[in-house]
>>> print(open('final-v8.tsv').read())   # TSV, C-alpha atoms
chain	number	residue	atom	x	y	z
A	1	MET	CA	-27.08	18.80	2.85
A	2	ALA	CA	-24.70	16.13	4.13
A	3	ILE	CA	-24.39	12.39	3.61
A	4	ASN	CA	-22.71	9.68	5.66
A	5	PRO	CA	-21.46	6.72	3.57
A	6	ALA	CA	-20.82	4.73	6.76
A	7	THR	CA	-24.55	4.50	7.58
A	8	ALA	CA	-27.55	2.93	5.85
A	9	GLY	CA	-29.44	4.97	3.28
A	10	TRP	CA	-26.50	6.92	1.89
A	11	ILE	CA	-26.97	5.80	-1.72
A	12	ASN	CA	-30.52	7.15	-2.02
A	13	LYS	CA	-29.42	10.35	-0.27
A	14	TYR	CA	-26.45	10.71	-2.62
A	15	ILE	CA	-28.60	10.16	-5.70
A	16	SER	CA	-31.04	12.83	-4.48
A	17	LEU	CA	-28.17	15.31	-4.12
A	18	LEU	CA	-26.72	14.83	-7.61
A	19	PRO	CA	-26.81	18.08	-9.61
A	20	ILE	CA	-28.51	16.28	-12.53
A	21	ARG	CA	-31.07	13.48	-12.32
A	22	PHE	CA	-29.54	10.16	-13.34
A	23	ASP	CA	-31.93	9.62	-16.25
A	24	GLU	CA	-31.10	13.11	-17.53
A	25	MET	CA	-27.31	12.75	-17.33
A	26	PRO	CA	-25.50	12.85	-20.68
A	27	PRO	CA	-23.63	9.54	-21.11
A	28	LEU	CA	-19.91	10.00	-20.54
A	29	SER	CA	-17.19	8.18	-22.44
A	30	GLN	CA	-14.65	6.04	-20.61
A	31	LYS	CA	-12.07	8.77	-21.08
A	32	GLU	CA	-14.42	11.34	-19.53
A	33	VAL	CA	-15.18	9.06	-16.56
A	34	TYR	CA	-11.45	8.52	-16.05
A	35	HIS	CA	-10.64	12.24	-16.06
A	36	LEU	CA	-13.54	12.94	-13.71
A	37	LEU	CA	-12.18	10.47	-11.16
A	38	VAL	CA	-8.42	10.82	-11.53
A	39	LYS	CA	-8.48	14.32	-10.04
A	40	THR	CA	-10.10	12.89	-6.89
A	41	GLY	CA	-7.22	10.46	-6.30
A	42	PHE	CA	-9.43	7.40	-6.80
A	43	PHE	CA	-7.08	5.76	-9.28
A	44	TYR	CA	-4.15	6.32	-6.89
A	45	GLY	CA	-5.97	4.58	-4.05
A	46	VAL	CA	-6.38	7.77	-2.01
A	47	SER	CA	-9.69	9.42	-2.91
A	48	SER	CA	-9.62	12.90	-1.38
A	49	GLU	CA	-12.69	14.56	-2.85
A	50	LEU	CA	-15.92	13.55	-4.57
A	51	ALA	CA	-16.14	13.40	-8.34
A	52	VAL	CA	-19.52	15.05	-8.90
A	53	LEU	CA	-20.68	16.54	-5.59
A	54	GLN	CA	-19.42	19.32	-3.34
A	55	LEU	CA	-19.65	18.54	0.37
A	56	VAL	CA	-20.96	21.02	2.90
A	57	LYS	CA	-18.29	22.38	5.25
A	58	ASN	CA	-19.25	20.25	8.25
A	59	ASN	CA	-19.47	16.99	6.24
A	60	ILE	CA	-16.13	15.39	7.15
A	61	PHE	CA	-15.17	12.42	4.96
A	62	SER	CA	-12.45	9.82	5.47
A	63	ILE	CA	-10.55	8.26	2.56
A	64	ASP	CA	-12.84	5.24	3.03
A	65	ASP	CA	-15.90	7.46	2.54
A	66	TYR	CA	-14.52	9.20	-0.53
A	67	THR	CA	-13.45	5.88	-2.05
A	68	LYS	CA	-16.82	4.24	-1.52
A	69	VAL	CA	-18.80	7.11	-3.05
A	70	ASN	CA	-16.39	7.51	-5.97
A	71	LEU	CA	-16.53	3.79	-6.74
A	72	PHE	CA	-20.32	3.95	-6.75
A	73	THR	CA	-20.21	7.03	-8.99
A	74	ALA	CA	-17.89	5.29	-11.44
A	75	LEU	CA	-20.18	2.26	-11.57
A	76	ILE	CA	-23.37	4.20	-12.26
A	77	LEU	CA	-21.63	6.39	-14.86
A	78	THR	CA	-20.30	3.27	-16.56
A	79	TYR	CA	-23.82	1.84	-16.59
A	80	ARG	CA	-25.19	5.12	-17.95
A	81	GLN	CA	-22.70	4.95	-20.81
A	82	GLU	CA	-23.87	1.49	-21.89
A	83	HIS	CA	-27.60	1.89	-21.12
A	84	PRO	CA	-28.52	5.58	-21.56
A	85	LYS	CA	-32.27	4.86	-21.70
A	86	ASN	CA	-32.44	3.04	-18.35
A	87	ASN	CA	-33.03	4.51	-14.88
A	88	ILE	CA	-31.06	4.45	-11.63
A	89	GLU	CA	-32.93	1.41	-10.29
A	90	ASP	CA	-31.83	-0.52	-13.37
A	91	ALA	CA	-28.26	0.55	-12.66
A	92	LEU	CA	-28.46	-0.60	-9.03
A	93	ILE	CA	-29.89	-3.97	-10.06
A	94	ALA	CA	-27.06	-4.44	-12.57
A	95	ILE	CA	-24.41	-3.54	-9.96
A	96	GLU	CA	-25.86	-6.01	-7.45
A	97	LYS	CA	-26.05	-8.81	-10.05
A	98	PHE	CA	-22.49	-8.09	-11.19
A	99	TYR	CA	-20.99	-8.40	-7.72
A	100	LYS	CA	-23.04	-11.46	-6.78
A	101	LEU	CA	-22.02	-13.21	-9.99
A	102	ASN	CA	-18.34	-12.49	-9.40
A	103	ASN	CA	-18.56	-13.59	-5.78
A	104	LYS	CA	-19.55	-17.16	-6.70
A	105	GLY	CA	-17.19	-19.65	-5.13
A	106	ARG	CA	-15.41	-17.02	-3.03
A	107	LYS	CA	-15.98	-17.58	0.66
A	108	GLY	CA	-15.94	-14.75	3.14
A	109	LEU	CA	-16.41	-11.55	1.14
A	110	PHE	CA	-20.23	-11.32	1.20
A	111	SER	CA	-20.95	-14.15	3.65
A	112	ARG	CA	-22.05	-11.78	6.41
A	113	ILE	CA	-24.42	-9.75	4.27
A	114	ASN	CA	-28.12	-10.30	4.88
A	115	PHE	CA	-29.45	-9.34	1.47
A	116	SER	CA	-32.85	-7.64	1.48
A	117	LYS	CA	-35.43	-6.69	-1.13
A	118	GLN	CA	-34.02	-3.15	-1.23
A	119	THR	CA	-31.45	-3.02	-4.03
A	120	ALA	CA	-29.82	0.19	-2.80
A	121	THR	CA	-29.35	-1.34	0.65
A	122	ASN	CA	-27.74	-4.42	-0.88
A	123	VAL	CA	-25.35	-2.34	-2.98
A	124	GLU	CA	-24.35	-0.36	0.12
A	125	ALA	CA	-23.52	-3.61	1.91
A	126	ILE	CA	-21.57	-4.93	-1.06
A	127	LEU	CA	-19.48	-1.77	-1.39
A	128	SER	CA	-18.76	-1.79	2.34
A	129	ALA	CA	-17.53	-5.38	2.04
A	130	ARG	CA	-15.33	-4.42	-0.89
A	131	LEU	CA	-13.71	-1.72	1.19
A	132	GLN	CA	-13.19	-4.16	4.10
A	133	GLU	CA	-15.06	-1.90	6.49
A	134	SER	CA	-16.39	-4.88	8.44
A	135	ASN	CA	-12.86	-5.92	9.44
A	136	PRO	CA	-11.97	-4.01	12.65
A	137	ILE	CA	-8.37	-5.23	12.66
A	138	ILE	CA	-7.34	-3.22	9.62
A	139	LYS	CA	-6.54	0.40	10.41
A	140	LYS	CA	-8.61	2.56	8.13
A	141	GLY	CA	-6.76	4.72	5.63
A	142	SER	CA	-3.40	2.98	5.99
A	143	SER	CA	-2.66	-0.47	4.67
A	144	SER	CA	-5.66	-0.51	2.40
A	145	PHE	CA	-4.55	2.01	-0.23
A	146	PHE	CA	-3.15	-0.62	-2.60
A	147	THR	CA	-6.40	-2.56	-2.28
A	148	TYR	CA	-8.20	0.70	-3.08
A	149	ILE	CA	-6.10	0.98	-6.24
A	150	LEU	CA	-7.34	-2.48	-7.18
A	151	LEU	CA	-10.93	-1.22	-6.97
A	152	SER	CA	-10.43	0.19	-10.45
A	153	ILE	CA	-10.70	-3.45	-11.57
A	154	ASP	CA	-14.35	-3.32	-10.52
A	155	ILE	CA	-15.02	-0.54	-13.02
A	156	ILE	CA	-13.10	-2.25	-15.80
A	157	ALA	CA	-14.77	-5.62	-15.20
A	158	PHE	CA	-18.23	-4.00	-14.84
A	159	TYR	CA	-17.80	-2.31	-18.21
A	160	ASP	CA	-16.93	-5.68	-19.73
A	161	TYR	CA	-19.86	-7.33	-17.91
A	162	LEU	CA	-22.35	-4.80	-19.31
A	163	LYS	CA	-21.24	-5.59	-22.85
A	164	GLU	CA	-21.55	-9.34	-22.24
A	165	PRO	CA	-23.19	-10.33	-18.90
A	166	ASN	CA	-20.97	-13.28	-18.07
A	167	ASP	CA	-18.90	-14.18	-15.03
A	168	THR	CA	-15.84	-11.91	-15.13
A	169	ALA	CA	-13.97	-13.78	-12.38
A	170	GLN	CA	-11.19	-14.68	-14.80
A	171	ALA	CA	-10.79	-11.03	-15.74
A	172	TYR	CA	-10.54	-10.13	-12.04
A	173	ALA	CA	-7.84	-12.73	-11.42
A	174	GLU	CA	-5.80	-11.83	-14.50
A	175	LEU	CA	-6.06	-8.08	-13.88
A	176	GLU	CA	-5.06	-8.39	-10.24
A	177	TYR	CA	-2.02	-10.42	-11.26
A	178	ILE	CA	-1.06	-7.89	-13.96
A	179	TYR	CA	-1.48	-4.97	-11.54
A	180	ASN	CA	0.80	-6.59	-9.00
A	181	LYS	CA	3.39	-7.73	-11.50
A	182	LEU	CA	3.56	-4.33	-13.18
A	183	SER	CA	4.28	-2.72	-9.82
A	184	PHE	CA	7.14	-5.19	-9.38
A	185	LEU	CA	8.53	-4.59	-12.88
A	186	ALA	CA	8.31	-0.81	-12.58
A	187	LEU	CA	10.12	-0.84	-9.26
A	188	SER	CA	12.75	-3.09	-10.81
A	189	ALA	CA	13.33	-0.41	-13.45
A	190	LYS	CA	14.55	2.08	-10.85
A	191	ILE	CA	18.31	2.67	-11.03
A	192	LYS	CA	18.82	3.88	-7.45
A	193	LYS	CA	17.11	1.35	-5.21
A	194	THR	CA	16.83	1.88	-1.47
A	195	LYS	CA	16.76	-0.81	1.21
A	196	HIS	CA	12.97	-0.53	1.22
A	197	ASP	CA	12.92	-1.04	-2.56
A	198	THR	CA	14.98	-4.20	-2.15
A	199	ASN	CA	12.62	-5.55	0.50
A	200	ILE	CA	9.59	-4.85	-1.65
A	201	LEU	CA	11.19	-6.47	-4.68
A	202	ALA	CA	11.93	-9.56	-2.59
A	203	LEU	CA	8.25	-9.68	-1.64
A	204	PHE	CA	7.15	-9.34	-5.25
A	205	LYS	CA	9.67	-11.93	-6.39
A	206	GLU	CA	8.14	-14.47	-4.02
A	207	THR	CA	4.72	-13.64	-5.41
A	208	PHE	CA	5.65	-14.07	-9.06
A	209	SER	CA	8.66	-16.41	-8.82
A	210	ALA	CA	10.27	-14.25	-11.47
A	211	THR	CA	12.62	-11.35	-12.10
A	212	ALA	CA	12.32	-8.48	-14.50
A	213	THR	CA	14.11	-8.63	-17.84
A	214	ASP	CA	14.76	-6.09	-20.55
A	215	ASP	CA	13.06	-8.20	-23.19
A	216	VAL	CA	9.86	-9.42	-21.55
A	217	ILE	CA	7.40	-7.37	-19.52
A	218	ILE	CA	3.87	-8.80	-19.43
A	219	LYS	CA	3.20	-10.10	-22.93
A	220	ASN	CA	2.20	-13.55	-21.70
A	221	GLU	CA	-0.20	-12.10	-19.13
A	222	LEU	CA	-1.76	-9.73	-21.66
A	223	ILE	CA	-2.49	-12.64	-23.98
A	224	LYS	CA	-4.49	-14.35	-21.21
A	225	LEU	CA	-6.51	-11.24	-20.38
A	226	PRO	CA	-10.13	-11.65	-21.57
A	227	ILE	CA	-10.50	-7.87	-21.93
A	228	VAL	CA	-9.32	-6.00	-25.03
A	229	ILE	CA	-6.98	-3.31	-23.68
A	230	GLN	CA	-7.26	-1.19	-26.80
A	231	GLU	CA	-11.03	-0.88	-26.16
A	232	ASN	CA	-10.74	0.09	-22.49
A	233	GLU	CA	-9.26	3.52	-21.83
A	234	ILE	CA	-9.59	3.26	-18.05
A	235	LEU	CA	-7.50	0.09	-18.09
A	236	GLN	CA	-4.85	1.69	-20.31
A	237	ASN	CA	-4.51	4.66	-17.98
A	238	GLN	CA	-4.54	2.59	-14.81
A	239	LEU	CA	-1.74	0.28	-15.95
A	240	ILE	CA	0.42	3.35	-16.55
A	241	ASN	CA	-0.63	4.86	-13.20
A	242	LEU	CA	0.42	1.70	-11.36
A	243	CYS	CA	3.91	2.02	-12.76
A	244	LEU	CA	4.08	5.72	-11.94
A	245	LEU	CA	3.06	5.02	-8.33
A	246	ALA	CA	5.70	2.31	-8.01
A	247	ILE	CA	8.52	4.65	-9.04
A	248	PHE	CA	7.03	7.90	-7.76
A	249	ASP	CA	9.07	10.27	-5.62
A	250	ASP	CA	9.64	14.01	-5.38
A	251	LYS	CA	12.26	13.98	-8.12
A	252	GLU	CA	11.83	13.89	-11.85
A	253	ILE	CA	11.24	10.51	-13.44
A	254	ASP	CA	14.60	9.44	-14.86
A	255	THR	CA	15.49	8.13	-18.31
A	256	ALA	CA	15.45	4.43	-17.38
A	257	GLU	CA	12.01	4.76	-15.82
A	258	LEU	CA	10.66	6.59	-18.86
A	259	ALA	CA	12.13	3.92	-21.12
A	260	PHE	CA	10.27	1.28	-19.13
A	261	LEU	CA	7.00	3.20	-19.44
A	262	TYR	CA	7.36	3.61	-23.20
A	263	LYS	CA	8.17	-0.09	-23.55
A	264	LEU	CA	5.01	-0.86	-21.64
A	265	ILE	CA	2.98	1.35	-23.99
A	266	GLU	CA	4.47	-0.59	-26.89
A	267	GLU	CA	3.49	-3.93	-25.35
A	268	LEU	CA	0.00	-2.65	-24.60
A	269	ASN	CA	-0.24	-1.78	-28.29
A	270	VAL	CA	-1.51	1.72	-27.52
A	271	ILE	CA	1.23	3.60	-29.35
A	272	GLU	CA	-0.67	6.93	-29.43
A	273	PHE	CA	-1.07	6.96	-25.64
A	274	ASN	CA	0.02	10.32	-24.16
A	275	ILE	CA	1.96	9.39	-21.03
A	276	SER	CA	2.75	13.01	-20.15
A	277	GLU	CA	-0.90	13.52	-19.14
A	278	ASN	CA	-0.65	10.76	-16.54
A	279	ILE	CA	2.58	12.19	-15.17
A	280	ASN	CA	1.07	15.67	-14.94
A	281	ASP	CA	-2.10	14.34	-13.29
A	282	LEU	CA	-0.09	12.56	-10.59
A	283	TYR	CA	2.09	15.57	-9.83
A	284	GLN	CA	-0.91	17.90	-9.73
A	285	PHE	CA	-2.67	15.60	-7.30
A	286	LYS	CA	0.44	15.31	-5.16
A	287	ASP	CA	0.85	19.11	-5.11
A	288	GLY	CA	-2.77	19.51	-4.04
A	289	TYR	CA	-2.96	16.81	-1.39
A	290	GLY	CA	0.59	15.71	-0.62
A	291	LYS	CA	0.79	17.65	2.65
A	292	VAL	CA	-2.30	16.04	4.15
A	293	LEU	CA	-2.15	12.49	2.82
A	294	GLN	CA	-0.14	9.81	4.59
A	295	LEU	CA	0.57	8.22	1.23
A	296	PHE	CA	3.02	10.99	0.38
A	297	THR	CA	4.88	11.07	3.70
A	298	SER	CA	7.28	8.44	2.40
A	299	ALA	CA	9.43	8.88	-0.70
A	300	ASN	CA	7.58	6.11	-2.48
A	301	PRO	CA	3.93	5.00	-2.08
A	302	VAL	CA	4.89	1.35	-2.55
A	303	LYS	CA	7.26	1.62	0.44
A	304	HIS	CA	4.31	2.83	2.49
A	305	PHE	CA	2.33	-0.17	1.31
A	306	TYR	CA	5.11	-2.58	2.29
A	307	LYS	CA	5.55	-1.11	5.78
A	308	GLU	CA	1.84	-0.92	6.53
A	309	SER	CA	1.17	-4.35	5.05
A	310	THR	CA	3.86	-5.90	7.25
A	311	ARG	CA	2.29	-4.28	10.31
A	312	THR	CA	-1.19	-5.45	9.32
A	313	VAL	CA	-0.14	-9.04	8.67
A	314	LYS	CA	1.70	-9.18	12.01
A	315	VAL	CA	-1.44	-8.02	13.81
A	316	LEU	CA	-3.57	-10.58	11.98
A	317	ILE	CA	-1.21	-13.43	12.86
A	318	THR	CA	-0.94	-12.39	16.50
A	319	LYS	CA	-4.69	-11.98	17.02
A	320	ASN	CA	-5.43	-15.33	15.37
A	321	ALA	CA	-2.43	-17.25	16.70
A	322	ASP	CA	-4.41	-20.02	18.42
A	323	ARG	CA	-6.58	-20.69	15.38
A	324	ILE	CA	-3.62	-20.67	13.01
A	325	ILE	CA	-1.61	-23.06	15.20
A	326	LYS	CA	-4.61	-25.39	15.43
A	327	GLU	CA	-5.04	-25.43	11.65
A	328	LEU	CA	-1.31	-25.92	11.06
A	329	ALA	CA	-1.32	-28.91	13.41
A	330	GLU	CA	-3.64	-30.64	10.95
A	331	SER	CA	-1.38	-29.99	7.95
A	332	LYS	CA	2.05	-31.51	8.49
A	333	GLU	CA	3.06	-31.00	4.86
A	334	LEU	CA	2.33	-27.27	5.05
A	335	VAL	CA	4.31	-26.93	8.29
A	336	ARG	CA	7.22	-28.84	6.78
A	337	LEU	CA	7.31	-26.71	3.63
A	338	MET	CA	6.95	-23.41	5.51
A	339	GLY	CA	9.76	-24.48	7.81
A	340	GLN	CA	11.96	-25.29	4.83
A	341	SER	CA	11.12	-21.95	3.23
A	342	THR	CA	13.07	-20.25	6.03
A	343	LEU	CA	16.23	-22.07	4.93
A	344	ARG	CA	15.96	-22.41	1.17
A	345	GLU	CA	13.90	-21.25	-1.79
A	346	LEU	CA	11.03	-23.61	-2.49
A	347	ASN	CA	10.50	-24.90	-6.01
A	348	GLU	CA	7.41	-23.97	-8.02
A	349	GLU	CA	5.43	-27.07	-7.03
A	350	GLU	CA	6.20	-26.54	-3.34
A	351	LYS	CA	5.27	-22.85	-3.51
A	352	LYS	CA	1.92	-23.73	-5.05
A	353	LYS	CA	1.23	-26.29	-2.31
A	354	VAL	CA	2.02	-23.73	0.39
A	355	LYS	CA	-0.15	-21.08	-1.25
A	356	ASP	CA	-3.13	-23.38	-1.81
A	357	GLN	CA	-3.04	-24.94	1.66
A	358	LEU	CA	-2.56	-21.61	3.40
A	359	LEU	CA	-5.47	-20.09	1.47
A	360	ASP	CA	-7.63	-22.99	2.65
A	361	ILE	CA	-6.73	-22.05	6.23
A	362	CYS	CA	-7.53	-18.38	5.54
A	363	LYS	CA	-11.01	-19.36	4.37
A	364	THR	CA	-11.75	-20.93	7.77
A	365	ILE	CA	-10.69	-17.87	9.80
A	366	PRO	CA	-12.91	-14.79	9.18
A	367	SER	CA	-10.19	-12.23	9.95
A	368	LEU	CA	-7.88	-13.82	7.38
A	369	THR	CA	-10.31	-13.59	4.48
A	370	ILE	CA	-8.40	-10.44	3.48
A	371	PHE	CA	-5.94	-12.81	1.79
A	372	ILE	CA	-8.58	-14.19	-0.58
A	373	ILE	CA	-10.05	-10.90	-1.81
A	374	PRO	CA	-8.58	-8.69	-4.56
A	375	GLY	CA	-5.19	-7.45	-3.39
A	376	GLY	CA	-4.77	-10.26	-0.91
A	377	SER	CA	-2.50	-12.31	-3.14
A	378	LEU	CA	0.18	-9.65	-2.77
A	379	LEU	CA	0.06	-9.98	1.02
A	380	LEU	CA	0.24	-13.78	1.03
A	381	PRO	CA	4.08	-13.98	0.81
A	382	LEU	CA	4.23	-11.82	3.93
A	383	LEU	CA	1.93	-14.26	5.71
A	384	ILE	CA	4.15	-17.17	4.66
A	385	LYS	CA	7.26	-15.32	5.78
A	386	LEU	CA	5.94	-14.06	9.13
A	387	ILE	CA	4.07	-17.11	10.45
A	388	PRO	CA	7.28	-19.09	11.22
A	389	GLN	CA	8.79	-15.97	12.82
A	390	LEU	CA	5.81	-15.10	15.01
A	391	LEU	CA	4.56	-18.62	15.76
A	392	PRO	CA	7.76	-20.69	16.19
A	393	SER	CA	6.00	-23.17	18.49
A	394	ALA	CA	3.97	-24.44	15.53
A	395	PHE	CA	7.20	-25.54	13.86
A	396	ASP	CA	9.11	-27.04	16.79
A	397	GLU	CA	8.44	-30.64	15.83
A	398	ASN	CA	9.44	-29.94	12.25
A	399	ARG	CA	12.37	-27.64	12.90
A	400	ILE	CA	15.00	-28.16	10.25
A	401	LYS	CA	18.56	-27.81	11.40
A	402	LYS	CA	21.21	-26.45	9.10
>>> encode(input="final-v8.tsv", output="structure tokens")
Amino acid sequence: MAINPATAGWINKYISLLPIRFDEMPPLSQKEVYHLLVKTGFFYGVSSELAVLQLVKNNIFSIDDYTKVNLFTALILTYRQEHPKNNIEDALIAIEKFYKLNNKGRKGLFSRINFSKQTATNVEAILSARLQESNPIIKKGSSSFFTYILLSIDIIAFYDYLKEPNDTAQAYAELEYIYNKLSFLALSAKIKKTKHDTNILALFKETFSATATDDVIIKNELIKLPIVIQENEILQNQLINLCLLAIFDDKEIDTAELAFLYKLIEELNVIEFNISENINDLYQFKDGYGKVLQLFTSANPVKHFYKESTRTVKVLITKNADRIIKELAESKELVRLMGQSTLRELNEEEKKKVKDQLLDICKTIPSLTIFIIPGGSLLLPLLIKLIPQLLPSAFDENRIKK
């Protein structure tokens, strides 16, 4: 039998097709859940098969479909691990409560969902929103793969939530920042950098206002993280995977890159971590799916992200030009600072003002809510960079002459 994750009712259908009833499933450890999903490509942002179900031949899935079902699978397996005596309805209720709690104060993400009394229906709507399926501007299966990588944060935060049902918004924010910064630091560790690498590093540098050093990686960020890394095997593996994706190409990983990875393991305080397994997993997945996945058509997945993200942001600016210009007209300070950013590097206080004021604008324009969801912070520097280029009329009165 087939399922269609793009239509209503898919969760109940999927549950009915599972080879073992949920309440009869043996609880899996975090390590087992990770290994079940890594082979699908979920942790690389390009799910290409289902973790626990074989599709019939005529059931054609997109990466969006695979990602949605695999995320749901990871969530219910995580719940099963913590509450082995509860049923699937209990799991669905917990998933809905988790997402609603973490959505407090965040405009846009679930604002268009009409929640019903059917928990499965609500979870379907939530997962669709997480995958940005309601946004017709974003080309499916292209620019979203980095955001799909960030979906692993959902699993990590949900695991933490089940242990102590509190708002995990801080964990989300800290993890997203660490994910992005690690990608930047790993790419910085490459010895032979291409023009694309340089462009990406410039983007990351604007995001973090920092450069990589030999002595400091992410110790300060790890201290802030409200999740104990040593107790979360999925998080350990995913931090390593992020670095591998940033430096990944068809060649062997060189000495400098390996040195960076081992230094990261040291800072994570997971000395016994076997990094060779992660390297082998990535190469096996690439060998199996590299010919059919767009992710592997470029030498480096992060380059693909940069190119597709630039295209996406340009489309968003162009389609919302009138609204953006109108909002900018009401914020002279923002226009002044963005104009100056084209001529000089803004200081930390100025960068924060630009970020905060631009995010306020994004909250008022539905199509731009992508910049306030997980992964969006990495795209924000592109928005800041491209608005003056694509909408010069908004800056005419504040044009700064050299």
>>> residues_around(input="final-v8.tsv", residues="range 90-104 of chain A", least_positions_apart="5", cutoff="10 Å", atoms="all atoms listed in the file", output="short mmCIF file (atom, residue, chain, number, x, y, z; two decimals) with C-alpha atoms, in the coordinates of the input")
data_model
loop_
_atom_site.label_atom_id
_atom_site.label_comp_id
_atom_site.auth_asym_id
_atom_site.auth_seq_id
_atom_site.Cartn_x
_atom_site.Cartn_y
_atom_site.Cartn_z
CA ILE A 11 -26.97 5.80 -1.72
CA PHE A 22 -29.54 10.16 -13.34
CA PHE A 72 -20.32 3.95 -6.75
CA LEU A 75 -20.18 2.26 -11.57
CA ILE A 76 -23.37 4.20 -12.26
CA LEU A 77 -21.63 6.39 -14.86
CA THR A 78 -20.30 3.27 -16.56
CA TYR A 79 -23.82 1.84 -16.59
CA ARG A 80 -25.19 5.12 -17.95
CA HIS A 83 -27.60 1.89 -21.12
CA LYS A 85 -32.27 4.86 -21.70
CA LEU A 109 -16.41 -11.55 1.14
CA PHE A 110 -20.23 -11.32 1.20
CA SER A 111 -20.95 -14.15 3.65
CA GLN A 118 -34.02 -3.15 -1.23
CA THR A 119 -31.45 -3.02 -4.03
CA ALA A 120 -29.82 0.19 -2.80
CA THR A 121 -29.35 -1.34 0.65
CA ASN A 122 -27.74 -4.42 -0.88
CA VAL A 123 -25.35 -2.34 -2.98
CA GLU A 124 -24.35 -0.36 0.12
CA ALA A 125 -23.52 -3.61 1.91
CA ILE A 126 -21.57 -4.93 -1.06
CA LEU A 127 -19.48 -1.77 -1.39
CA ARG A 130 -15.33 -4.42 -0.89
CA ASP A 154 -14.35 -3.32 -10.52
CA ALA A 157 -14.77 -5.62 -15.20
CA PHE A 158 -18.23 -4.00 -14.84
CA TYR A 161 -19.86 -7.33 -17.91
CA LEU A 162 -22.35 -4.80 -19.31
CA PRO A 165 -23.19 -10.33 -18.90
CA ASN A 166 -20.97 -13.28 -18.07
CA ASP A 167 -18.90 -14.18 -15.03
CA THR A 168 -15.84 -11.91 -15.13
CA ALA A 169 -13.97 -13.78 -12.38
CA GLN A 170 -11.19 -14.68 -14.80
CA ALA A 171 -10.79 -11.03 -15.74
CA TYR A 172 -10.54 -10.13 -12.04
CA ILE A 373 -10.05 -10.90 -1.81
#
>>> closest_residue(input="final-v8.tsv", among="A:Asn12, A:Arg344, A:Asn232, A:Val69", to="Leu268 in chain A", atoms="all atoms listed in the file")
A:Asn232
>>> atom_distance(input="final-v8.tsv", atom1="CA of Leu242 in chain A", atom2="CA of Glu82 in chain A")
26.5 Å
>>> closest_residue(input="final-v8.tsv", among="A:Ile227, A:Leu222, A:Leu53, A:Ala189", to="Pro19 in chain A", atoms="all atoms listed in the file")
A:Leu53
>>> residues_around(input="final-v8.tsv", residues="range 325-339 of chain A", least_positions_apart="3", cutoff="8 Å", atoms="only C-alpha atoms", output="tab-separated table (two decimals) with C-alpha atoms, keeping the file's coordinate frame")
chain	number	residue	atom	x	y	z
A	321	ALA	CA	-2.43	-17.25	16.70
A	322	ASP	CA	-4.41	-20.02	18.42
A	342	THR	CA	13.07	-20.25	6.03
A	343	LEU	CA	16.23	-22.07	4.93
A	346	LEU	CA	11.03	-23.61	-2.49
A	350	GLU	CA	6.20	-26.54	-3.34
A	353	LYS	CA	1.23	-26.29	-2.31
A	354	VAL	CA	2.02	-23.73	0.39
A	357	GLN	CA	-3.04	-24.94	1.66
A	358	LEU	CA	-2.56	-21.61	3.40
A	361	ILE	CA	-6.73	-22.05	6.23
A	384	ILE	CA	4.15	-17.17	4.66
A	388	PRO	CA	7.28	-19.09	11.22
A	391	LEU	CA	4.56	-18.62	15.76
A	394	ALA	CA	3.97	-24.44	15.53
A	395	PHE	CA	7.20	-25.54	13.86
A	398	ASN	CA	9.44	-29.94	12.25
A	399	ARG	CA	12.37	-27.64	12.90
A	400	ILE	CA	15.00	-28.16	10.25
>>> closest_residue(input="final-v8.tsv", among="A:Thr7, A:Leu239, A:Ile271, A:Glu257", to="Ile178 in chain A", atoms="all atoms listed in the file")
A:Leu239
